[in-house]
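Chemist: I am sharing my_file.txt, which consists of compact mmCIF, C-alpha atoms and all ligand atoms:
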```
# COMPACT_ATOMS: atom_id res chain seq x y z
CA MET A 1 1.25 -15.40 -17.65
CA THR A 2 3.80 -14.80 -14.92
CA THR A 3 6.69 -12.37 -15.16
CA THR A 4 9.34 -11.13 -12.79
CA THR A 5 10.34 -7.52 -13.16
CA ASP A 6 13.13 -5.59 -11.50
CA PHE A 7 11.55 -2.32 -10.44
CA GLY A 8 14.67 -0.96 -8.73
CA ARG A 9 14.88 0.36 -5.18
CA LEU A 10 14.06 3.35 -3.03
CA SER A 11 16.80 5.39 -1.38
CA VAL A 12 15.39 4.48 2.07
CA PRO A 13 15.04 1.09 3.83
CA ASP A 14 11.59 1.87 5.32
CA LEU A 15 8.55 3.99 4.53
CA LEU A 16 7.72 5.81 7.74
CA CYS A 17 7.19 9.28 6.34
CA THR A 18 7.25 10.74 2.82
CA SER A 19 9.58 13.47 4.11
CA ALA A 20 12.35 10.86 3.87
CA LEU A 21 11.74 10.38 0.15
CA ASP A 22 13.39 12.44 -2.56
CA ARG A 23 11.92 13.44 -5.92
CA ASP A 24 13.44 10.35 -7.61
CA ASP A 25 11.85 8.04 -5.03
CA LEU A 26 8.45 9.63 -5.61
CA GLN A 27 8.81 9.32 -9.38
CA ARG A 28 9.94 5.70 -9.06
CA ILE A 29 6.91 4.88 -6.91
CA PHE A 30 4.53 6.56 -9.37
CA ASP A 31 6.16 4.92 -12.42
CA THR A 32 6.09 1.50 -10.78
CA ALA A 33 2.49 1.95 -9.65
CA ALA A 34 1.51 2.97 -13.19
CA ALA A 35 3.29 -0.06 -14.67
CA LEU A 36 1.64 -2.41 -12.18
CA LYS A 37 -1.75 -0.84 -12.81
CA ARG A 38 -1.38 -1.11 -16.60
CA GLY A 39 -0.31 -4.73 -16.30
CA ARG A 40 -2.79 -5.75 -13.67
CA GLU A 41 -3.85 -8.84 -15.60
CA VAL A 42 -0.23 -9.94 -15.66
CA HIS A 43 0.91 -11.46 -12.38
CA THR A 44 4.39 -10.38 -11.48
CA ASP A 45 5.98 -12.70 -8.94
CA VAL A 46 8.52 -10.19 -7.76
CA LEU A 47 7.68 -11.00 -4.10
CA ARG A 48 7.30 -14.76 -4.55
CA HIS A 49 7.58 -16.58 -1.21
CA LYS A 50 7.93 -13.25 0.65
CA ARG A 51 5.81 -12.72 3.73
CA LEU A 52 4.39 -9.49 5.12
CA ALA A 53 3.47 -9.09 8.80
CA MET A 54 0.67 -6.59 9.44
CA ILE A 55 0.01 -5.24 12.95
CA PHE A 56 -2.85 -2.78 13.31
CA GLU A 57 -3.76 -0.99 16.53
CA LYS A 58 -6.73 0.70 14.83
CA ASP A 59 -9.55 -0.15 12.43
CA SER A 60 -8.94 -0.29 8.68
CA LEU A 61 -10.72 -1.21 5.48
CA ARG A 62 -8.57 0.21 2.67
CA THR A 63 -5.09 -0.16 4.11
CA ARG A 64 -5.65 -3.72 5.25
CA PHE A 65 -7.29 -4.96 2.05
CA THR A 66 -4.89 -3.23 -0.30
CA PHE A 67 -1.77 -4.54 1.44
CA GLU A 68 -3.17 -8.07 1.68
CA ILE A 69 -4.35 -8.13 -1.93
CA GLY A 70 -1.17 -6.38 -3.04
CA MET A 71 1.02 -9.09 -1.52
CA GLN A 72 -1.07 -11.79 -3.20
CA ASP A 73 -0.79 -9.99 -6.55
CA LEU A 74 3.00 -9.89 -6.19
CA GLY A 75 3.26 -13.60 -5.39
CA GLY A 76 3.71 -13.31 -1.61
CA SER A 77 1.49 -13.54 1.44
CA ALA A 78 0.39 -11.36 4.35
CA THR A 79 -0.52 -12.22 7.92
CA PHE A 80 -2.72 -9.78 9.83
CA MET A 81 -2.69 -9.21 13.57
CA ASP A 82 -5.52 -7.18 14.99
CA HIS A 83 -4.10 -5.34 17.96
CA ARG A 84 -7.06 -3.25 18.96
CA ASP A 85 -7.16 -4.57 22.48
CA ALA A 86 -3.45 -4.45 23.22
CA ARG A 87 -1.17 -1.65 22.18
CA LEU A 88 2.19 -2.51 20.66
CA GLY A 89 4.72 -2.71 23.44
CA SER A 90 2.27 -3.67 26.18
CA ARG A 91 2.72 -7.48 26.17
CA GLU A 92 6.38 -7.33 25.23
CA SER A 93 8.72 -4.59 24.17
CA VAL A 94 8.49 -3.14 20.67
CA LYS A 95 12.12 -4.16 20.22
CA ASP A 96 11.34 -7.80 21.00
CA MET A 97 8.37 -7.74 18.62
CA ALA A 98 10.63 -6.41 15.88
CA LYS A 99 13.29 -9.04 16.64
CA ASN A 100 10.68 -11.82 16.39
CA LEU A 101 8.88 -10.54 13.31
CA GLU A 102 12.08 -10.15 11.31
CA ARG A 103 12.72 -13.89 11.74
CA TRP A 104 9.44 -14.80 10.02
CA ALA A 105 8.56 -11.94 7.72
CA HIS A 106 10.32 -10.00 4.97
CA GLY A 107 8.45 -6.78 5.73
CA ILE A 108 6.17 -5.21 8.34
CA VAL A 109 3.20 -2.86 7.93
CA ALA A 110 2.08 -1.27 11.17
CA ARG A 111 -0.81 1.06 12.01
CA THR A 112 -0.04 2.60 15.36
CA PHE A 113 -1.32 5.30 17.64
CA LYS A 114 2.16 6.63 18.36
CA HIS A 115 4.51 7.37 15.48
CA LYS A 116 7.42 6.73 17.86
CA VAL A 117 6.42 3.05 18.02
CA LEU A 118 6.89 2.78 14.25
CA GLU A 119 10.31 4.39 14.52
CA GLU A 120 11.24 1.90 17.23
CA LEU A 121 10.02 -1.02 15.11
CA ALA A 122 12.09 0.23 12.19
CA GLU A 123 15.14 0.74 14.40
CA HIS A 124 15.12 -2.87 15.60
CA ALA A 125 13.69 -4.82 12.66
CA GLY A 126 16.13 -5.83 9.98
CA VAL A 127 13.29 -5.82 7.42
CA PRO A 128 11.45 -2.86 5.84
CA VAL A 129 8.79 -1.23 8.02
CA ILE A 130 5.90 0.57 6.31
CA ASN A 131 3.68 3.08 8.08
CA GLY A 132 0.03 2.13 7.59
CA LEU A 133 -1.04 5.30 9.51
CA SER A 134 0.23 6.79 12.74
CA ASP A 135 -0.91 9.76 14.78
CA PHE A 136 1.66 11.84 12.85
CA VAL A 137 1.44 10.88 9.17
CA HIS A 138 -0.27 8.67 6.58
CA PRO A 139 2.37 8.31 3.85
CA CYS A 140 0.73 5.56 1.76
CA GLN A 141 -2.38 7.70 1.56
CA ALA A 142 -0.54 10.77 0.30
CA LEU A 143 1.29 8.68 -2.30
CA ALA A 144 -2.02 7.37 -3.64
CA ASP A 145 -3.49 10.88 -3.55
CA TYR A 146 -0.78 12.48 -5.66
CA PHE A 147 -0.53 9.43 -7.93
CA THR A 148 -4.23 9.90 -8.67
CA LEU A 149 -3.58 13.52 -9.61
CA THR A 150 -0.62 12.62 -11.84
CA GLU A 151 -2.87 10.21 -13.72
CA ARG A 152 -5.20 13.10 -14.53
CA TRP A 153 -2.77 15.94 -15.01
CA GLY A 154 0.73 14.52 -15.54
CA ASP A 155 3.41 16.71 -13.94
CA LEU A 156 1.91 18.38 -10.87
CA THR A 157 4.36 21.27 -10.66
CA GLY A 158 2.49 24.50 -9.92
CA ARG A 159 -0.85 22.81 -9.17
CA THR A 160 -2.60 23.83 -5.94
CA LEU A 161 -4.06 21.38 -3.44
CA THR A 162 -6.18 22.83 -0.66
CA PHE A 163 -6.75 20.79 2.49
CA VAL A 164 -9.75 21.92 4.54
CA GLY A 165 -10.15 20.60 8.07
CA ASP A 166 -8.05 19.18 10.87
CA GLY A 167 -4.27 19.55 10.53
CA ASN A 168 -3.92 15.83 11.16
CA ASN A 169 -1.89 12.81 10.01
CA THR A 170 -3.35 12.85 6.48
CA CYS A 171 -2.74 16.59 6.23
CA HIS A 172 0.89 16.26 7.37
CA ALA A 173 1.61 13.59 4.75
CA LEU A 174 -0.01 15.75 2.06
CA ILE A 175 2.21 18.68 3.07
CA HIS A 176 5.42 16.60 3.17
CA THR A 177 4.71 15.17 -0.27
CA ALA A 178 3.39 18.33 -1.94
CA VAL A 179 6.57 20.33 -1.42
CA ARG A 180 8.70 17.50 -2.79
CA LEU A 181 6.55 17.38 -5.94
CA GLY A 182 6.45 21.13 -6.53
CA VAL A 183 2.76 21.30 -5.61
CA HIS A 184 1.44 24.41 -3.84
CA ILE A 185 -0.32 23.39 -0.66
CA ARG A 186 -2.86 25.42 1.30
CA VAL A 187 -4.19 24.20 4.62
CA CYS A 188 -7.30 25.76 6.08
CA SER A 189 -8.22 24.82 9.65
CA PRO A 190 -10.02 26.40 12.59
CA GLU A 191 -7.67 28.21 14.95
CA GLY A 192 -5.91 25.72 17.20
CA TYR A 193 -6.29 22.84 14.73
CA GLU A 194 -3.58 23.87 12.26
CA PRO A 195 -0.94 21.34 11.20
CA ASN A 196 2.13 20.73 13.34
CA ALA A 197 4.43 23.77 13.19
CA ARG A 198 7.54 21.61 12.68
CA VAL A 199 5.94 19.98 9.63
CA VAL A 200 5.04 23.38 8.22
CA ASN A 201 8.48 24.88 8.86
CA GLU A 202 10.28 21.90 7.33
CA ALA A 203 7.93 22.06 4.34
CA MET A 204 8.64 25.75 3.87
CA ARG A 205 12.37 25.04 3.79
CA VAL A 206 11.91 22.33 1.14
CA ALA A 207 9.45 24.51 -0.77
CA ALA A 208 12.05 27.26 -1.09
CA ALA A 209 14.10 24.86 -3.19
CA THR A 210 11.32 23.21 -5.19
CA GLY A 211 9.22 26.28 -5.96
CA SER A 212 6.20 25.17 -3.93
CA GLU A 213 4.21 27.51 -1.74
CA VAL A 214 2.94 26.49 1.68
CA THR A 215 0.04 28.57 3.00
CA ILE A 216 -1.72 28.08 6.32
CA LEU A 217 -4.99 29.96 6.76
CA ASN A 218 -8.32 29.91 8.55
CA ASP A 219 -10.69 31.13 5.83
CA PRO A 220 -12.09 28.29 3.65
CA ASP A 221 -13.17 30.60 0.80
CA ALA A 222 -9.70 32.11 0.46
CA ALA A 223 -8.13 28.65 0.68
CA ALA A 224 -10.36 27.20 -2.05
CA ASP A 225 -9.98 30.15 -4.44
CA GLY A 226 -8.64 28.88 -7.77
CA ALA A 227 -7.45 25.53 -6.34
CA ASP A 228 -6.98 22.43 -8.50
CA ALA A 229 -8.01 20.03 -5.75
CA ILE A 230 -9.95 20.33 -2.52
CA TYR A 231 -9.21 17.68 0.10
CA THR A 232 -10.80 16.92 3.44
CA ASP A 233 -10.64 14.26 6.13
CA VAL A 234 -12.61 13.42 9.27
CA TRP A 235 -12.77 16.09 11.96
CA ALA A 236 -11.95 13.58 14.71
CA SER A 237 -9.36 10.94 13.92
CA MET A 238 -9.17 7.48 15.44
CA GLY A 239 -8.21 7.91 19.07
CA GLN A 240 -10.09 11.24 19.35
CA GLU A 241 -13.57 9.75 19.63
CA ASP A 242 -14.27 11.54 22.92
CA GLU A 243 -13.79 14.90 21.17
CA ILE A 244 -16.29 14.27 18.34
CA GLU A 245 -19.08 16.42 19.69
CA GLU A 246 -16.82 19.36 20.50
CA ARG A 247 -15.06 19.11 17.12
CA ASN A 248 -18.34 18.92 15.18
CA GLY A 249 -19.12 22.37 16.58
CA ILE A 250 -15.67 23.85 16.02
CA PHE A 251 -15.39 22.57 12.43
CA ALA A 252 -18.99 23.36 11.39
CA ASP A 253 -17.92 26.15 9.00
CA TYR A 254 -15.27 23.93 7.40
CA GLN A 255 -17.53 21.53 5.50
CA VAL A 256 -16.60 21.03 1.85
CA ASP A 257 -19.87 21.76 0.08
CA ALA A 258 -20.88 22.78 -3.45
CA ASP A 259 -20.36 26.48 -2.64
CA LEU A 260 -16.80 25.87 -1.55
CA MET A 261 -16.08 23.64 -4.57
CA GLY A 262 -17.43 26.50 -6.69
CA LYS A 263 -14.55 28.71 -5.50
CA ALA A 264 -12.01 26.27 -6.94
CA LYS A 265 -11.22 25.86 -10.65
CA PRO A 266 -14.11 24.43 -12.69
CA GLU A 267 -12.07 21.26 -13.36
CA ALA A 268 -11.04 20.90 -9.70
CA VAL A 269 -11.39 17.53 -8.04
CA PHE A 270 -12.70 16.62 -4.60
CA MET A 271 -10.49 14.28 -2.55
CA HIS A 272 -10.93 12.39 0.72
CA CYS A 273 -8.88 9.56 2.19
CA LEU A 274 -12.04 7.84 3.52
CA PRO A 275 -13.83 6.82 5.63
CA ALA A 276 -16.04 9.89 5.04
CA HIS A 277 -18.94 11.31 7.00
CA ARG A 278 -21.46 12.78 4.57
CA GLY A 279 -23.12 15.86 6.01
CA TRP A 280 -20.17 16.63 8.28
CA GLU A 281 -16.74 17.29 6.71
CA VAL A 282 -18.21 16.82 3.22
CA ALA A 283 -21.67 17.48 1.79
CA GLN A 284 -23.36 14.48 0.23
CA ASP A 285 -23.62 16.04 -3.24
CA VAL A 286 -19.89 16.77 -3.33
CA MET A 287 -18.88 13.35 -2.06
CA ASP A 288 -21.08 11.64 -4.66
CA GLY A 289 -20.76 14.30 -7.37
CA PRO A 290 -18.85 14.35 -10.65
CA GLN A 291 -15.79 16.12 -9.20
CA SER A 292 -15.22 13.43 -6.58
CA VAL A 293 -12.25 11.13 -7.17
CA VAL A 294 -12.44 9.35 -3.83
CA TYR A 295 -12.85 5.85 -5.24
CA ASP A 296 -10.08 6.39 -7.79
CA ILE A 297 -7.83 7.20 -4.84
CA ALA A 298 -9.01 4.11 -2.95
CA GLU A 299 -8.23 1.95 -5.99
CA ASN A 300 -4.82 3.55 -6.31
CA ARG A 301 -3.94 2.67 -2.73
CA LEU A 302 -3.54 -0.85 -4.13
CA HIS A 303 -1.29 0.07 -7.05
CA VAL A 304 0.87 2.51 -5.10
CA GLN A 305 1.37 0.16 -2.16
CA LYS A 306 2.26 -2.70 -4.52
CA ALA A 307 4.91 -0.37 -5.88
CA VAL A 308 6.17 0.42 -2.37
CA LEU A 309 6.24 -3.28 -1.43
CA ALA A 310 8.12 -4.20 -4.60
CA LEU A 311 10.60 -1.36 -4.25
CA LEU A 312 11.35 -2.09 -0.58
CA MET A 313 11.08 -5.87 -0.37
CA ALA A 314 12.27 -7.26 -3.68
CA ARG A 315 15.91 -7.38 -2.75
N1 LIG B 401 -7.80 5.82 4.06
C1 LIG B 401 -7.50 4.78 4.85
O1 LIG B 401 -6.35 4.60 5.30
O2 LIG B 401 -8.53 3.93 5.06
P1 LIG B 401 -8.58 2.80 6.18
O3 LIG B 401 -8.54 3.47 7.51
O4 LIG B 401 -9.88 2.07 5.92
O5 LIG B 401 -7.39 1.89 6.01
N1 LIG B 402 -7.25 11.07 10.03
C1 LIG B 402 -7.89 9.77 9.98
C2 LIG B 402 -7.44 9.03 8.77
C3 LIG B 402 -8.08 7.67 8.60
C4 LIG B 402 -7.61 6.98 7.36
C5 LIG B 402 -7.60 8.99 11.24
O1 LIG B 402 -6.46 9.00 11.72
O2 LIG B 402 -8.52 8.37 11.78
```
Now that the file is in, can you turn its structure into structure tokens?
Modeler:
Amino acid sequence: MTTTTDFGRLSVPDLLCTSALDRDDLQRIFDTAAALKRGREVHTDVLRHKRLAMIFEKDSLRTRFTFEIGMQDLGGSATFMDHRDARLGSRESVKDMAKNLERWAHGIVARTFKHKVLEELAEHAGVPVINGLSDFVHPCQALADYFTLTERWGDLTGRTLTFVGDGNNTCHALIHTAVRLGVHIRVCSPEGYEPNARVVNEAMRVAAATGSEVTILNDPDAAADGADAIYTDVWASMGQEDEIEERNGIFADYQVDADLMGKAKPEAVFMHCLPAHRGWEVAQDVMDGPQSVVYDIAENRLHVQKAVLALLMAR
């Protein structure tokens, strides 16, 4: 059975950062993702004959597969360009790439080292640009993360998510999104590895209006105390490979293990964007234990990104 559904639109033309989304956008994405997930045996052809261009400067399993499969599910197609050996803008300008791609594709997903490159692509492309991970933020990940929590708990207002580890791209997206959903966010990092101060300050301003609390601290036990969710990510992100050894030492006390999970609520969940390194940022028994929702999140990348594609490209 094939159906076409009008899911509506987002208030923004691109998805570069969840800080550009308002509460209605977030709800629309979650509602659409839930509808698409419920009806996954029903093929909606809302993106029939639409083409997605995907340019990735870094490795990917989840983001690549979920966007490619998502486009197929919605009746369209995706073309992937592996750009590991040549950064965007090195063979020709980012502007010229954007001006070419918009002639062939109805949307672009890019995974870049520099967030600025994404902004430049979006500035020059007359089609939606979606951030598949930059050095600054990982918006699709955060959307799947909070969607996963809404499936379990419904309205997330007043829930507490604790991020333990590097104040990185994943962490920034979690902060941006938390304060717009009324979620309290605590980030616990070693000194010098806290999230970007501008992200934190902007989040605090939004939080004042939405009732969220933003707390930055260095003590994992205090951060985990009574939390609803404990989240971690790799200690060295892609592009920081030469710092791995140094970071493994600095972050050694920031592993999410059973003791730390024990400080959170008994029904708390463990979250990770993946890929994960068992024995480093997360203990094996936590990663593979009953509180872990990591594969639910990975599945939801598909449903949430289908929602984003439909809401940005079906116009
Ligand atoms: N979480 C995530 O974005 O995974 P990939 O790097 O495999 O796409
Ligand atoms: N912080 C990680 C996320 C990978 C999905 C990185 O940038 O490598």
Chemist: Can I get the residues of chain A within 8 Å of ligand LIG 402 (chain B), each with the closest pair of atoms and their distance in Å to one decimal, using all atoms listed in the file, sorted chain first then ascending number, as JSON lines?
Modeler:
```
{"residue": "A:Ser60", "atom": "CA", "partner": "B:LIG402", "partner_atom": "C4", "distance": 7.5}
{"residue": "A:Leu133", "atom": "CA", "partner": "B:LIG402", "partner_atom": "O1", "distance": 6.9}
{"residue": "A:Ser134", "atom": "CA", "partner": "B:LIG402", "partner_atom": "O1", "distance": 7.1}
{"residue": "A:Asp135", "atom": "CA", "partner": "B:LIG402", "partner_atom": "O1", "distance": 6.4}
{"residue": "A:His138", "atom": "CA", "partner": "B:LIG402", "partner_atom": "C2", "distance": 7.5}
{"residue": "A:Gln141", "atom": "CA", "partner": "B:LIG402", "partner_atom": "C4", "distance": 7.8}
{"residue": "A:Asn168", "atom": "CA", "partner": "B:LIG402", "partner_atom": "N1", "distance": 5.9}
{"residue": "A:Asn169", "atom": "CA", "partner": "B:LIG402", "partner_atom": "N1", "distance": 5.6}
{"residue": "A:Thr170", "atom": "CA", "partner": "B:LIG402", "partner_atom": "N1", "distance": 5.6}
{"residue": "A:Asp233", "atom": "CA", "partner": "B:LIG402", "partner_atom": "N1", "distance": 6.1}
{"residue": "A:Val234", "atom": "CA", "partner": "B:LIG402", "partner_atom": "N1", "distance": 5.9}
{"residue": "A:Trp235", "atom": "CA", "partner": "B:LIG402", "partner_atom": "N1", "distance": 7.7}
{"residue": "A:Ala236", "atom": "CA", "partner": "B:LIG402", "partner_atom": "O2", "distance": 6.9}
{"residue": "A:Ser237", "atom": "CA", "partner": "B:LIG402", "partner_atom": "O2", "distance": 3.4}
{"residue": "A:Met238", "atom": "CA", "partner": "B:LIG402", "partner_atom": "O2", "distance": 3.8}
{"residue": "A:Gly239", "atom": "CA", "partner": "B:LIG402", "partner_atom": "O2", "distance": 7.3}
{"residue": "A:Cys273", "atom": "CA", "partner": "B:LIG402", "partner_atom": "C4", "distance": 5.9}
{"residue": "A:Leu274", "atom": "CA", "partner": "B:LIG402", "partner_atom": "C4", "distance": 5.9}
{"residue": "A:Pro275", "atom": "CA", "partner": "B:LIG402", "partner_atom": "C4", "distance": 6.5}
```
Chemist: Quick one: residues within 10 Å of His115 (chain A), all atoms listed in the file, excluding same-chain residues fewer than 3 positions away - as number ranges by chain?
Modeler: A: 16-17, 110-112, 118-120, 131, 133-137
Chemist: Compare A:Leu47, A:Met54, A:Val164, A:Ile297 by their minimum atom-to-atom distance to ligand LIG 401 (chain B), counting all atoms listed in the file, and give me the closest one.
Modeler: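 Counting all atoms listed in the file, the residue closest to ligand LIG 401 (chain B) is A:Ile297.
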Chemist: Excluding same-chain residues fewer than 4 positions from Met287 (chain A), what lies within 12 Å of it counting all atoms listed in the file, as an MDAnalysis selection string?
Modeler: chainID A and resid 230:233 255:258 261 269:283 291:295
Chemist: Any idea what the distance is between CA of Val183 (chain A) and CA of Pro128 (chain A)?
Modeler: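 Computing it gives 28.1 Å between the two atoms.
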Chemist: With all atoms listed in the file as the basis for distance, which of A:Ala223, A:Val129, A:Trp104, A:Ala203 is at the shortest distance from Phe163 (chain A)?
Modeler: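 Of all the options, A:Ala223 lies closest to Phe163 (chain A).
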Chemist: Kindly compute an axis-aligned box around the listed atoms of region 203-217 of chain A, allowing 5 Å on each side, and express its centre and edge lengths in Å to one decimal as JSON.
Modeler:
```
{"center_x": 4.6, "center_y": 26.0, "center_z": 0.4, "size_x": 29.1, "size_y": 17.9, "size_z": 22.7}
```
Chemist: Could you give me, as a list in words, the residues within 8 Å of Ile130 (chain A), counting all atoms listed in the file and dropping anything in the same chain fewer than 3 positions from it?
Modeler: Asp14, Leu15, Leu16, Gly107, Ile108, Val109 and Ala110 of chain A
Chemist: Determine the nearest neighbour of Thr210 (chain A) from the options A:Leu156, A:Ala227, A:Ala222, A:Leu181, counting all atoms listed in the file.
Modeler: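 Result for the nearest residue to Thr210 (chain A): A:Leu181.
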Chemist: Smallest atom-to-atom distance to ligand LIG 401 (chain B): which of A:Ser189, A:Asn201, A:Thr66, A:Thr162, using all atoms listed in the file?
Modeler: A:Thr66
Chemist: Just to confirm, what's the straight-line distance from CA of Arg87 (chain A) to CA of Ile55 (chain A) in Å (one decimal)?
Modeler: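 Straight-line distance from CA of Arg87 (chain A) to CA of Ile55 (chain A) works out to 10.0 Å.
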Chemist: Just want the 12 Å neighbourhood of Glu202 (chain A), counted on all atoms listed in the file, with same-chain residues fewer than 6 positions away dropped. Output as JSON, numbers by chain.
Modeler: {"A": [19, 20, 172, 175, 176, 177, 179, 180, 195, 196, 208, 209, 214]}
Chemist: Counting only C-alpha atoms and all ligand atoms, which of A:Lys37, A:Arg159, A:Arg64, A:Arg51 gets nearest to ligand LIG 401 (chain B)?
Modeler: A:Arg64
Chemist: Between CA of Pro139 (chain A) and atom O1 of ligand LIG 401 (chain B), what is the distance, to one decimal in Å?
Modeler: 9.6 Å
Chemist: In terms of the shortest atom-to-atom distance over only C-alpha atoms, which of A:Ser11, A:Ser212, A:Ser93, A:Thr63 is closest to Phe80 (chain A)?
Modeler: A:Thr63
Chemist: Please provide the set of residues having any atom within 8 Å of region 298-312 of chain A, restricted to all atoms listed in the file, with same-chain residues fewer than 2 positions apart removed, written as a VMD selection string.
Modeler: chain A and resid 7 to 10 13 to 14 29 to 30 32 to 34 36 to 37 46 to 47 62 to 63 66 to 67 69 to 71 74 128 140 to 141 143 to 145 147 to 148 273 294 to 296 314 to 315
Chemist: Would you output that residue set with C-alpha atoms, as a compact mmCIF listing (two decimals), keeping the file's coordinate frame?
Modeler:
```
# COMPACT_ATOMS: atom_id res chain seq x y z
CA PHE A 7 11.55 -2.32 -10.44
CA GLY A 8 14.67 -0.96 -8.73
CA ARG A 9 14.88 0.36 -5.18
CA LEU A 10 14.06 3.35 -3.03
CA PRO A 13 15.04 1.09 3.83
CA ASP A 14 11.59 1.87 5.32
CA ILE A 29 6.91 4.88 -6.91
CA PHE A 30 4.53 6.56 -9.37
CA THR A 32 6.09 1.50 -10.78
CA ALA A 33 2.49 1.95 -9.65
CA ALA A 34 1.51 2.97 -13.19
CA LEU A 36 1.64 -2.41 -12.18
CA LYS A 37 -1.75 -0.84 -12.81
CA VAL A 46 8.52 -10.19 -7.76
CA LEU A 47 7.68 -11.00 -4.10
CA ARG A 62 -8.57 0.21 2.67
CA THR A 63 -5.09 -0.16 4.11
CA THR A 66 -4.89 -3.23 -0.30
CA PHE A 67 -1.77 -4.54 1.44
CA ILE A 69 -4.35 -8.13 -1.93
CA GLY A 70 -1.17 -6.38 -3.04
CA MET A 71 1.02 -9.09 -1.52
CA LEU A 74 3.00 -9.89 -6.19
CA PRO A 128 11.45 -2.86 5.84
CA CYS A 140 0.73 5.56 1.76
CA GLN A 141 -2.38 7.70 1.56
CA LEU A 143 1.29 8.68 -2.30
CA ALA A 144 -2.02 7.37 -3.64
CA ASP A 145 -3.49 10.88 -3.55
CA PHE A 147 -0.53 9.43 -7.93
CA THR A 148 -4.23 9.90 -8.67
CA CYS A 273 -8.88 9.56 2.19
CA VAL A 294 -12.44 9.35 -3.83
CA TYR A 295 -12.85 5.85 -5.24
CA ASP A 296 -10.08 6.39 -7.79
CA ALA A 314 12.27 -7.26 -3.68
CA ARG A 315 15.91 -7.38 -2.75
```
Chemist: Will you give me region 50-97 of chain A, written with C-alpha atoms and laid out as a PDB file, in the first residue's frame?
Modeler:
```
ATOM      1  CA  LYS A  50      13.315  13.548  -4.840  1.00  0.00           C
ATOM      2  CA  ARG A  51      17.068  13.135  -4.639  1.00  0.00           C
ATOM      3  CA  LEU A  52      19.359  13.634  -1.659  1.00  0.00           C
ATOM      4  CA  ALA A  53      23.073  14.427  -2.057  1.00  0.00           C
ATOM      5  CA  MET A  54      25.241  13.198   0.816  1.00  0.00           C
ATOM      6  CA  ILE A  55      28.807  14.485   1.271  1.00  0.00           C
ATOM      7  CA  PHE A  56      30.753  13.092   4.206  1.00  0.00           C
ATOM      8  CA  GLU A  57      34.237  14.209   5.217  1.00  0.00           C
ATOM      9  CA  LYS A  58      34.320  11.640   8.037  1.00  0.00           C
ATOM     10  CA  ASP A  59      33.392   8.009   8.668  1.00  0.00           C
ATOM     11  CA  SER A  60      29.799   7.020   9.406  1.00  0.00           C
ATOM     12  CA  LEU A  61      27.672   3.941   9.914  1.00  0.00           C
ATOM     13  CA  ARG A  62      24.406   5.185  11.431  1.00  0.00           C
ATOM     14  CA  THR A  63      24.034   8.557   9.759  1.00  0.00           C
ATOM     15  CA  ARG A  64      24.827   7.247   6.311  1.00  0.00           C
ATOM     16  CA  PHE A  65      22.605   4.170   6.485  1.00  0.00           C
ATOM     17  CA  THR A  66      19.658   5.910   8.085  1.00  0.00           C
ATOM     18  CA  PHE A  67      19.593   8.760   5.570  1.00  0.00           C
ATOM     19  CA  GLU A  68      19.977   6.398   2.616  1.00  0.00           C
ATOM     20  CA  ILE A  69      17.337   3.972   3.871  1.00  0.00           C
ATOM     21  CA  GLY A  70      15.138   6.873   4.942  1.00  0.00           C
ATOM     22  CA  MET A  71      15.117   8.341   1.441  1.00  0.00           C
ATOM     23  CA  GLN A  72      14.242   4.938  -0.037  1.00  0.00           C
ATOM     24  CA  ASP A  73      11.408   4.529   2.473  1.00  0.00           C
ATOM     25  CA  LEU A  74      10.001   7.915   1.457  1.00  0.00           C
ATOM     26  CA  GLY A  75      10.102   7.113  -2.258  1.00  0.00           C
ATOM     27  CA  GLY A  76      13.253   9.061  -3.145  1.00  0.00           C
ATOM     28  CA  SER A  77      16.925   8.282  -3.612  1.00  0.00           C
ATOM     29  CA  ALA A  78      20.264   9.266  -2.111  1.00  0.00           C
ATOM     30  CA  THR A  79      23.719   9.569  -3.641  1.00  0.00           C
ATOM     31  CA  PHE A  80      26.716   9.327  -1.335  1.00  0.00           C
ATOM     32  CA  MET A  81      30.069  11.005  -1.844  1.00  0.00           C
ATOM     33  CA  ASP A  82      32.879   9.896   0.391  1.00  0.00           C
ATOM     34  CA  HIS A  83      35.083  12.912   0.897  1.00  0.00           C
ATOM     35  CA  ARG A  84      37.588  11.539   3.341  1.00  0.00           C
ATOM     36  CA  ASP A  85      40.561  12.345   1.172  1.00  0.00           C
ATOM     37  CA  ALA A  86      39.524  15.828   0.087  1.00  0.00           C
ATOM     38  CA  ARG A  87      37.931  18.370   2.359  1.00  0.00           C
ATOM     39  CA  LEU A  88      34.942  20.318   1.083  1.00  0.00           C
ATOM     40  CA  GLY A  89      36.203  23.469  -0.535  1.00  0.00           C
ATOM     41  CA  SER A  90      39.607  22.101  -1.525  1.00  0.00           C
ATOM     42  CA  ARG A  91      38.892  21.114  -5.164  1.00  0.00           C
ATOM     43  CA  GLU A  92      36.414  23.901  -5.743  1.00  0.00           C
ATOM     44  CA  SER A  93      34.765  26.461  -3.541  1.00  0.00           C
ATOM     45  CA  VAL A  94      31.985  25.433  -1.173  1.00  0.00           C
ATOM     46  CA  LYS A  95      29.795  27.973  -2.957  1.00  0.00           C
ATOM     47  CA  ASP A  96      30.362  26.296  -6.325  1.00  0.00           C
ATOM     48  CA  MET A  97      29.638  22.878  -4.826  1.00  0.00           C
TER      49      MET A  97
END
```
